[in-house]
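Colleague: You'll find structure.pdb just under this line, and it carries PDB, C-alpha atoms.
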```
ATOM      1  CA  GLY A   1     -13.722  33.721  31.751
ATOM      2  CA  LYS A   2     -17.120  35.400  31.983
ATOM      3  CA  ARG A   3     -17.704  35.202  28.235
ATOM      4  CA  ASP A   4     -17.262  31.412  28.147
ATOM      5  CA  ARG A   5     -19.843  30.876  30.904
ATOM      6  CA  ARG A   6     -22.370  33.228  29.260
ATOM      7  CA  GLU A   7     -22.024  31.515  25.862
ATOM      8  CA  ALA A   8     -22.420  28.081  27.439
ATOM      9  CA  ALA A   9     -25.713  29.177  29.002
ATOM     10  CA  MET A  10     -27.282  30.495  25.783
ATOM     11  CA  GLY A  11     -28.134  27.276  23.975
ATOM     12  CA  PHE A  12     -29.029  26.920  20.320
ATOM     13  CA  HIS A  13     -32.062  28.551  18.749
ATOM     14  CA  ASP A  14     -31.994  28.062  14.983
ATOM     15  CA  LEU A  15     -32.784  24.631  13.662
ATOM     16  CA  MET A  16     -34.924  23.666  10.699
ATOM     17  CA  VAL A  17     -35.880  20.092   9.880
ATOM     18  CA  GLU A  18     -37.480  19.205   6.548
ATOM     19  CA  ALA A  19     -40.857  17.512   7.034
ATOM     20  CA  ASP A  20     -43.554  15.964   4.890
ATOM     21  CA  ASN A  21     -46.797  17.937   5.041
ATOM     22  CA  ASP A  22     -48.974  15.045   6.095
ATOM     23  CA  ALA A  23     -50.389  13.399   9.166
ATOM     24  CA  THR A  24     -47.789  10.583   9.189
ATOM     25  CA  PHE A  25     -45.071  13.059  10.191
ATOM     26  CA  GLY A  26     -46.063  13.719  13.761
ATOM     27  CA  GLY A  27     -46.865  12.156  17.099
ATOM     28  CA  ASP A  28     -44.166   9.826  18.390
ATOM     29  CA  LYS A  29     -41.647  10.880  15.710
ATOM     30  CA  LEU A  30     -41.843  14.511  16.814
ATOM     31  CA  VAL A  31     -41.624  13.676  20.523
ATOM     32  CA  GLU A  32     -38.576  11.466  19.923
ATOM     33  CA  MET A  33     -36.906  14.179  17.845
ATOM     34  CA  ALA A  34     -37.726  16.843  20.458
ATOM     35  CA  ARG A  35     -36.111  14.758  23.215
ATOM     36  CA  PHE A  36     -32.949  14.384  21.128
ATOM     37  CA  LEU A  37     -32.787  18.091  20.236
ATOM     38  CA  VAL A  38     -33.245  19.159  23.878
ATOM     39  CA  LYS A  39     -30.308  16.935  24.812
ATOM     40  CA  LEU A  40     -28.234  18.740  22.176
ATOM     41  CA  GLY A  41     -29.198  22.079  23.727
ATOM     42  CA  TYR A  42     -31.830  23.375  21.294
ATOM     43  CA  ASP A  43     -34.699  25.511  22.577
ATOM     44  CA  ALA A  44     -36.834  25.256  19.435
ATOM     45  CA  CYS A  45     -37.131  23.580  16.071
ATOM     46  CA  ALA A  46     -39.022  24.607  12.938
ATOM     47  CA  PHE A  47     -40.388  21.715  10.889
ATOM     48  CA  ASN A  48     -40.220  22.942   7.301
ATOM     49  CA  VAL A  49     -42.499  22.100   4.399
ATOM     50  CA  SER A  50     -41.212  23.087   0.952
ATOM     51  CA  ALA A  51     -43.645  24.151  -1.770
ATOM     52  CA  THR A  52     -43.574  25.881  -5.141
ATOM     53  CA  ALA A  53     -45.983  28.705  -5.966
ATOM     54  CA  PRO A  54     -48.774  28.947  -6.872
ATOM     55  CA  LEU A  55     -50.155  27.535  -3.629
ATOM     56  CA  GLY A  56     -53.429  25.689  -3.251
ATOM     57  CA  ARG A  57     -55.563  24.524  -0.340
ATOM     58  CA  HIS A  58     -53.600  21.275  -0.173
ATOM     59  CA  HIS A  59     -50.574  23.326   0.918
ATOM     60  CA  ARG A  60     -52.224  24.301   4.234
ATOM     61  CA  CYS A  61     -50.237  23.054   7.219
ATOM     62  CA  GLN A  62     -51.104  19.443   8.030
ATOM     63  CA  LEU A  63     -48.462  19.029  10.749
ATOM     64  CA  THR A  64     -49.861  18.461  14.216
ATOM     65  CA  MET A  65     -47.468  19.445  16.964
ATOM     66  CA  PRO A  66     -47.952  17.167  19.969
ATOM     67  CA  ASP A  67     -48.346  18.472  23.502
ATOM     68  CA  LEU A  68     -44.976  17.511  24.929
ATOM     69  CA  GLY A  69     -46.032  17.872  28.560
ATOM     70  CA  GLY A  70     -43.515  15.889  30.591
ATOM     71  CA  ALA A  71     -42.330  13.910  27.561
ATOM     72  CA  VAL A  72     -39.369  16.235  27.030
ATOM     73  CA  PRO A  73     -37.030  17.268  29.845
ATOM     74  CA  SER A  74     -36.742  20.984  30.522
ATOM     75  CA  ARG A  75     -32.929  20.895  30.598
ATOM     76  CA  GLY A  76     -30.598  19.713  27.884
ATOM     77  CA  ALA A  77     -27.606  17.549  28.701
ATOM     78  CA  LEU A  78     -25.341  20.242  27.243
ATOM     79  CA  ARG A  79     -27.118  23.140  28.973
ATOM     80  CA  VAL A  80     -26.091  24.715  32.260
ATOM     81  CA  ASP A  81     -29.200  26.854  32.788
ATOM     82  CA  ALA A  82     -32.870  26.168  33.268
ATOM     83  CA  THR A  83     -34.577  26.438  29.892
ATOM     84  CA  PRO A  84     -38.068  27.372  28.770
ATOM     85  CA  PRO A  85     -40.201  24.568  27.335
ATOM     86  CA  PHE A  86     -39.032  23.236  23.988
ATOM     87  CA  ARG A  87     -40.932  24.919  21.119
ATOM     88  CA  MET A  88     -41.908  23.149  17.920
ATOM     89  CA  LEU A  89     -42.912  25.423  15.056
ATOM     90  CA  SER A  90     -44.278  24.857  11.575
ATOM     91  CA  ARG A  91     -42.573  26.579   8.643
ATOM     92  CA  ILE A  92     -43.242  26.770   4.917
ATOM     93  CA  THR A  93     -40.605  27.725   2.367
ATOM     94  CA  VAL A  94     -42.244  28.785  -0.890
ATOM     95  CA  THR A  95     -40.217  28.856  -4.090
ATOM     96  CA  VAL A  96     -41.496  31.680  -6.280
ATOM     97  CA  GLU A  97     -40.411  31.973  -9.899
ATOM     98  CA  ASP A  98     -42.586  34.904 -10.954
ATOM     99  CA  SER A  99     -43.600  38.192  -9.337
ATOM    100  CA  VAL A 100     -47.244  37.304 -10.092
ATOM    101  CA  HIS A 101     -46.894  34.235  -7.855
ATOM    102  CA  VAL A 102     -45.692  36.448  -5.004
ATOM    103  CA  ALA A 103     -48.644  38.803  -5.399
ATOM    104  CA  ASN A 104     -51.076  35.867  -5.400
ATOM    105  CA  LEU A 105     -49.779  33.928  -2.393
ATOM    106  CA  ASP A 106     -52.744  32.593  -0.431
ATOM    107  CA  GLY A 107     -52.898  34.246   3.003
ATOM    108  CA  ALA A 108     -54.989  31.405   4.438
ATOM    109  CA  VAL A 109     -52.325  28.879   3.470
ATOM    110  CA  LEU A 110     -49.454  31.001   4.759
ATOM    111  CA  GLY A 111     -51.368  31.816   7.942
ATOM    112  CA  SER A 112     -51.584  28.125   8.813
ATOM    113  CA  TYR A 113     -47.801  28.092   9.483
ATOM    114  CA  ASP A 114     -45.846  29.697  12.321
ATOM    115  CA  ILE A 115     -43.009  30.843  10.012
ATOM    116  CA  VAL A 116     -43.129  31.748   6.317
ATOM    117  CA  ALA A 117     -40.057  31.977   4.078
ATOM    118  CA  ALA A 118     -39.837  32.825   0.397
ATOM    119  CA  ARG A 119     -37.204  31.545  -2.014
ATOM    120  CA  PRO A 120     -37.374  33.799  -5.084
ATOM    121  CA  THR A 121     -35.624  32.451  -8.182
ATOM    122  CA  THR A 122     -35.676  35.653 -10.248
ATOM    123  CA  GLU A 123     -34.779  39.256  -9.547
ATOM    124  CA  LYS A 124     -38.365  40.391 -10.187
ATOM    125  CA  ALA A 125     -39.709  37.817  -7.750
ATOM    126  CA  PHE A 126     -37.122  38.938  -5.190
ATOM    127  CA  GLU A 127     -38.144  42.584  -5.605
ATOM    128  CA  GLN A 128     -41.822  41.626  -5.163
ATOM    129  CA  CYS A 129     -40.984  39.631  -2.003
ATOM    130  CA  CYS A 130     -39.289  42.718  -0.531
ATOM    131  CA  LYS A 131     -42.400  44.892  -0.980
TER     132      LYS A 131
END
```
Would you mind writing the structure in this file as structure tokens?

Modeller:
Amino acid sequence: GKRDRREAAMGFHDLMVEADNDATFGGDKLVEMARFLVKLGYDACAFNVSATAPLGRHHRCQLTMPDLGGAVPSRGALRVDATPPFRMLSRITVTVEDSVHVANLDGAVLGSYDIVAARPTTEKAFEQCCK
């Protein structure tokens, strides 16, 4: 019925792939992965870097997202609608064990990523993350 057609046209939006925060993870590897994910019906993918607080300058995002241009088709094999261009995002997941670490997270480091997630390991750290 109508519901089945609408669901088929939506595609997938939430995908996270673990990445190394260095220059070797990029270029052709990302383009190849993007092509595959578009065929599966994904609209976007977040390439995640995991880190443990406290953060330093070396934790700044080193991932370089290539300009896909015509390298990735605009329609997935499993999609029935025209789709927007495939989006590749950078994400950092920071494990925080202490509320002091949360309070001292480096804004310049976090600002170098498109998405920031916190993984508190204690109740106090969780409470600080929620503030």

Colleague: CA of Val96 in chain A to CA of Thr64 in chain A: how many Å, to one decimal?

Modeller: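 Computing it gives 25.8 Å between the two atoms.
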
Colleague: I'd like the residues picked by the PyMOL selection byres ((chain A and resi 98-112) around 9) written out as a list in words, using the chain letters and numbers from the file.

Modeller: Ala53, Pro54, Leu55, Gly56, Arg57, His58, His59, Arg60, Cys61, Gln62, Ser90, Ile92, Val96, Glu97, Tyr113, Asp114, Ile115, Val116, Ala118, Pro120, Thr121, Thr122, Glu123, Lys124, Ala125, Phe126, Glu127, Gln128 and Cys129 of chain A

Colleague: I'd like the interatomic distance between CA of Arg35 in chain A and CA of Asp67 in chain A, to a tenth of an Å.

Modeller: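 Atom-to-atom, CA of Arg35 in chain A to CA of Asp67 in chain A, that is 12.8 Å.
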
Colleague: Counting only C-alpha atoms, which residue out of A:Ala51, A:Phe36, A:Ala117, A:Leu68 sits closest to Arg87 in chain A?

Modeller: A:Leu68

Colleague: In Å to one decimal, how far is CA of Pro66 in chain A from CA of Leu37 in chain A?

Modeller: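 For CA of Leu37 in chain A relative to CA of Pro66 in chain A, the distance reads 15.2 Å.
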
Colleague: Might you spell out which residues the PyMOL selection byres ((chain A and resi 45) around 6) would select in the displayed file, as a list in words?

Modeller: Leu15, Met16, Ala44, Ala46 and Met88 of chain A

Colleague: Point out the residue among A:Pro85, A:Leu40, A:Arg91, A:Ala34 with the least atom-to-atom distance to Leu63 in chain A, counting only C-alpha atoms.

Modeller: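 Checking each candidate against Leu63 in chain A, we get A:Arg91 as the closest.
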
Colleague: For a quick check of understanding, using all atoms listed in the file, which of A:Gly27, A:Asp43, A:Thr52, A:Cys130 has the smallest distance to Thr95 in chain A?

Modeller: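 The answer is A:Thr52, which sits nearest to Thr95 in chain A.
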
Colleague: Can you fill out range 16-52 of chain A with N, CA and C atoms and hand it back as a PDB file, in the coordinates of the input?

Modeller:
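Okay, result-v3.pdb is ready:
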```pdb
ATOM      1  N   MET A  16     -33.816  23.955  11.596  1.00  0.00           N
ATOM      2  CA  MET A  16     -34.924  23.666  10.699  1.00  0.00           C
ATOM      3  C   MET A  16     -34.774  22.226  10.236  1.00  0.00           C
ATOM      4  N   VAL A  17     -35.858  21.479  10.311  1.00  0.00           N
ATOM      5  CA  VAL A  17     -35.880  20.092   9.880  1.00  0.00           C
ATOM      6  C   VAL A  17     -36.929  19.964   8.784  1.00  0.00           C
ATOM      7  N   GLU A  18     -36.539  19.394   7.652  1.00  0.00           N
ATOM      8  CA  GLU A  18     -37.480  19.205   6.548  1.00  0.00           C
ATOM      9  C   GLU A  18     -38.505  18.136   6.941  1.00  0.00           C
ATOM     10  N   ALA A  19     -39.771  18.420   6.658  1.00  0.00           N
ATOM     11  CA  ALA A  19     -40.857  17.512   7.034  1.00  0.00           C
ATOM     12  C   ALA A  19     -41.794  17.307   5.855  1.00  0.00           C
ATOM     13  N   ASP A  20     -42.491  16.201   5.859  1.00  0.00           N
ATOM     14  CA  ASP A  20     -43.554  15.964   4.890  1.00  0.00           C
ATOM     15  C   ASP A  20     -44.819  16.599   5.440  1.00  0.00           C
ATOM     16  N   ASN A  21     -45.569  17.265   4.606  1.00  0.00           N
ATOM     17  CA  ASN A  21     -46.797  17.937   5.041  1.00  0.00           C
ATOM     18  C   ASN A  21     -47.951  16.943   5.051  1.00  0.00           C
ATOM     19  N   ASP A  22     -47.877  16.003   5.965  1.00  0.00           N
ATOM     20  CA  ASP A  22     -48.974  15.045   6.095  1.00  0.00           C
ATOM     21  C   ASP A  22     -49.063  14.556   7.535  1.00  0.00           C
ATOM     22  N   ALA A  23     -50.108  13.844   7.797  1.00  0.00           N
ATOM     23  CA  ALA A  23     -50.389  13.399   9.166  1.00  0.00           C
ATOM     24  C   ALA A  23     -49.414  12.332   9.653  1.00  0.00           C
ATOM     25  N   THR A  24     -48.700  11.634   8.745  1.00  0.00           N
ATOM     26  CA  THR A  24     -47.789  10.583   9.189  1.00  0.00           C
ATOM     27  C   THR A  24     -46.544  11.153   9.843  1.00  0.00           C
ATOM     28  N   PHE A  25     -46.215  12.422   9.551  1.00  0.00           N
ATOM     29  CA  PHE A  25     -45.071  13.059  10.191  1.00  0.00           C
ATOM     30  C   PHE A  25     -45.594  13.765  11.423  1.00  0.00           C
ATOM     31  N   GLY A  26     -45.539  13.120  12.541  1.00  0.00           N
ATOM     32  CA  GLY A  26     -46.063  13.719  13.761  1.00  0.00           C
ATOM     33  C   GLY A  26     -45.985  12.747  14.909  1.00  0.00           C
ATOM     34  N   GLY A  27     -46.738  13.038  15.948  1.00  0.00           N
ATOM     35  CA  GLY A  27     -46.865  12.156  17.099  1.00  0.00           C
ATOM     36  C   GLY A  27     -45.546  11.722  17.693  1.00  0.00           C
ATOM     37  N   ASP A  28     -45.343  10.399  17.751  1.00  0.00           N
ATOM     38  CA  ASP A  28     -44.166   9.826  18.390  1.00  0.00           C
ATOM     39  C   ASP A  28     -42.858  10.265  17.733  1.00  0.00           C
ATOM     40  N   LYS A  29     -42.860  10.437  16.404  1.00  0.00           N
ATOM     41  CA  LYS A  29     -41.647  10.880  15.710  1.00  0.00           C
ATOM     42  C   LYS A  29     -41.216  12.250  16.207  1.00  0.00           C
ATOM     43  N   LEU A  30     -42.168  13.160  16.363  1.00  0.00           N
ATOM     44  CA  LEU A  30     -41.843  14.511  16.814  1.00  0.00           C
ATOM     45  C   LEU A  30     -41.386  14.524  18.265  1.00  0.00           C
ATOM     46  N   VAL A  31     -42.024  13.738  19.108  1.00  0.00           N
ATOM     47  CA  VAL A  31     -41.624  13.676  20.523  1.00  0.00           C
ATOM     48  C   VAL A  31     -40.209  13.122  20.639  1.00  0.00           C
ATOM     49  N   GLU A  32     -39.919  12.058  19.892  1.00  0.00           N
ATOM     50  CA  GLU A  32     -38.576  11.466  19.923  1.00  0.00           C
ATOM     51  C   GLU A  32     -37.525  12.475  19.440  1.00  0.00           C
ATOM     52  N   MET A  33     -37.839  13.185  18.363  1.00  0.00           N
ATOM     53  CA  MET A  33     -36.906  14.179  17.845  1.00  0.00           C
ATOM     54  C   MET A  33     -36.725  15.323  18.846  1.00  0.00           C
ATOM     55  N   ALA A  34     -37.811  15.764  19.477  1.00  0.00           N
ATOM     56  CA  ALA A  34     -37.726  16.843  20.458  1.00  0.00           C
ATOM     57  C   ALA A  34     -36.828  16.443  21.623  1.00  0.00           C
ATOM     58  N   ARG A  35     -36.966  15.230  22.114  1.00  0.00           N
ATOM     59  CA  ARG A  35     -36.111  14.758  23.215  1.00  0.00           C
ATOM     60  C   ARG A  35     -34.641  14.840  22.818  1.00  0.00           C
ATOM     61  N   PHE A  36     -34.325  14.375  21.608  1.00  0.00           N
ATOM     62  CA  PHE A  36     -32.949  14.384  21.128  1.00  0.00           C
ATOM     63  C   PHE A  36     -32.422  15.806  20.999  1.00  0.00           C
ATOM     64  N   LEU A  37     -33.226  16.707  20.449  1.00  0.00           N
ATOM     65  CA  LEU A  37     -32.787  18.091  20.236  1.00  0.00           C
ATOM     66  C   LEU A  37     -32.592  18.835  21.553  1.00  0.00           C
ATOM     67  N   VAL A  38     -33.421  18.550  22.550  1.00  0.00           N
ATOM     68  CA  VAL A  38     -33.245  19.159  23.878  1.00  0.00           C
ATOM     69  C   VAL A  38     -31.915  18.703  24.471  1.00  0.00           C
ATOM     70  N   LYS A  39     -31.588  17.440  24.306  1.00  0.00           N
ATOM     71  CA  LYS A  39     -30.308  16.935  24.812  1.00  0.00           C
ATOM     72  C   LYS A  39     -29.131  17.638  24.149  1.00  0.00           C
ATOM     73  N   LEU A  40     -29.304  18.024  22.883  1.00  0.00           N
ATOM     74  CA  LEU A  40     -28.234  18.740  22.176  1.00  0.00           C
ATOM     75  C   LEU A  40     -28.177  20.215  22.556  1.00  0.00           C
ATOM     76  N   GLY A  41     -29.204  20.700  23.264  1.00  0.00           N
ATOM     77  CA  GLY A  41     -29.198  22.079  23.727  1.00  0.00           C
ATOM     78  C   GLY A  41     -30.099  23.021  22.955  1.00  0.00           C
ATOM     79  N   TYR A  42     -30.928  22.510  22.052  1.00  0.00           N
ATOM     80  CA  TYR A  42     -31.830  23.375  21.294  1.00  0.00           C
ATOM     81  C   TYR A  42     -33.044  23.769  22.125  1.00  0.00           C
ATOM     82  N   ASP A  43     -33.504  25.001  21.910  1.00  0.00           N
ATOM     83  CA  ASP A  43     -34.699  25.511  22.577  1.00  0.00           C
ATOM     84  C   ASP A  43     -35.931  25.358  21.697  1.00  0.00           C
ATOM     85  N   ALA A  44     -35.710  25.281  20.372  1.00  0.00           N
ATOM     86  CA  ALA A  44     -36.834  25.256  19.435  1.00  0.00           C
ATOM     87  C   ALA A  44     -36.400  24.598  18.134  1.00  0.00           C
ATOM     88  N   CYS A  45     -37.383  24.160  17.380  1.00  0.00           N
ATOM     89  CA  CYS A  45     -37.131  23.580  16.071  1.00  0.00           C
ATOM     90  C   CYS A  45     -38.301  23.938  15.157  1.00  0.00           C
ATOM     91  N   ALA A  46     -37.988  24.341  13.933  1.00  0.00           N
ATOM     92  CA  ALA A  46     -39.022  24.607  12.938  1.00  0.00           C
ATOM     93  C   ALA A  46     -39.051  23.432  11.967  1.00  0.00           C
ATOM     94  N   PHE A  47     -40.212  22.810  11.835  1.00  0.00           N
ATOM     95  CA  PHE A  47     -40.388  21.715  10.889  1.00  0.00           C
ATOM     96  C   PHE A  47     -40.864  22.328   9.580  1.00  0.00           C
ATOM     97  N   ASN A  48     -40.020  22.238   8.559  1.00  0.00           N
ATOM     98  CA  ASN A  48     -40.220  22.942   7.301  1.00  0.00           C
ATOM     99  C   ASN A  48     -40.899  22.077   6.246  1.00  0.00           C
ATOM    100  N   VAL A  49     -41.846  22.693   5.558  1.00  0.00           N
ATOM    101  CA  VAL A  49     -42.499  22.100   4.399  1.00  0.00           C
ATOM    102  C   VAL A  49     -42.107  22.961   3.209  1.00  0.00           C
ATOM    103  N   SER A  50     -41.583  22.350   2.153  1.00  0.00           N
ATOM    104  CA  SER A  50     -41.212  23.087   0.952  1.00  0.00           C
ATOM    105  C   SER A  50     -42.333  22.998  -0.066  1.00  0.00           C
ATOM    106  N   ALA A  51     -42.596  24.112  -0.750  1.00  0.00           N
ATOM    107  CA  ALA A  51     -43.645  24.151  -1.770  1.00  0.00           C
ATOM    108  C   ALA A  51     -43.219  25.118  -2.861  1.00  0.00           C
ATOM    109  N   THR A  52     -43.821  24.968  -4.025  1.00  0.00           N
ATOM    110  CA  THR A  52     -43.574  25.881  -5.141  1.00  0.00           C
ATOM    111  C   THR A  52     -44.876  26.586  -5.474  1.00  0.00           C
TER     112      THR A  52
END
```
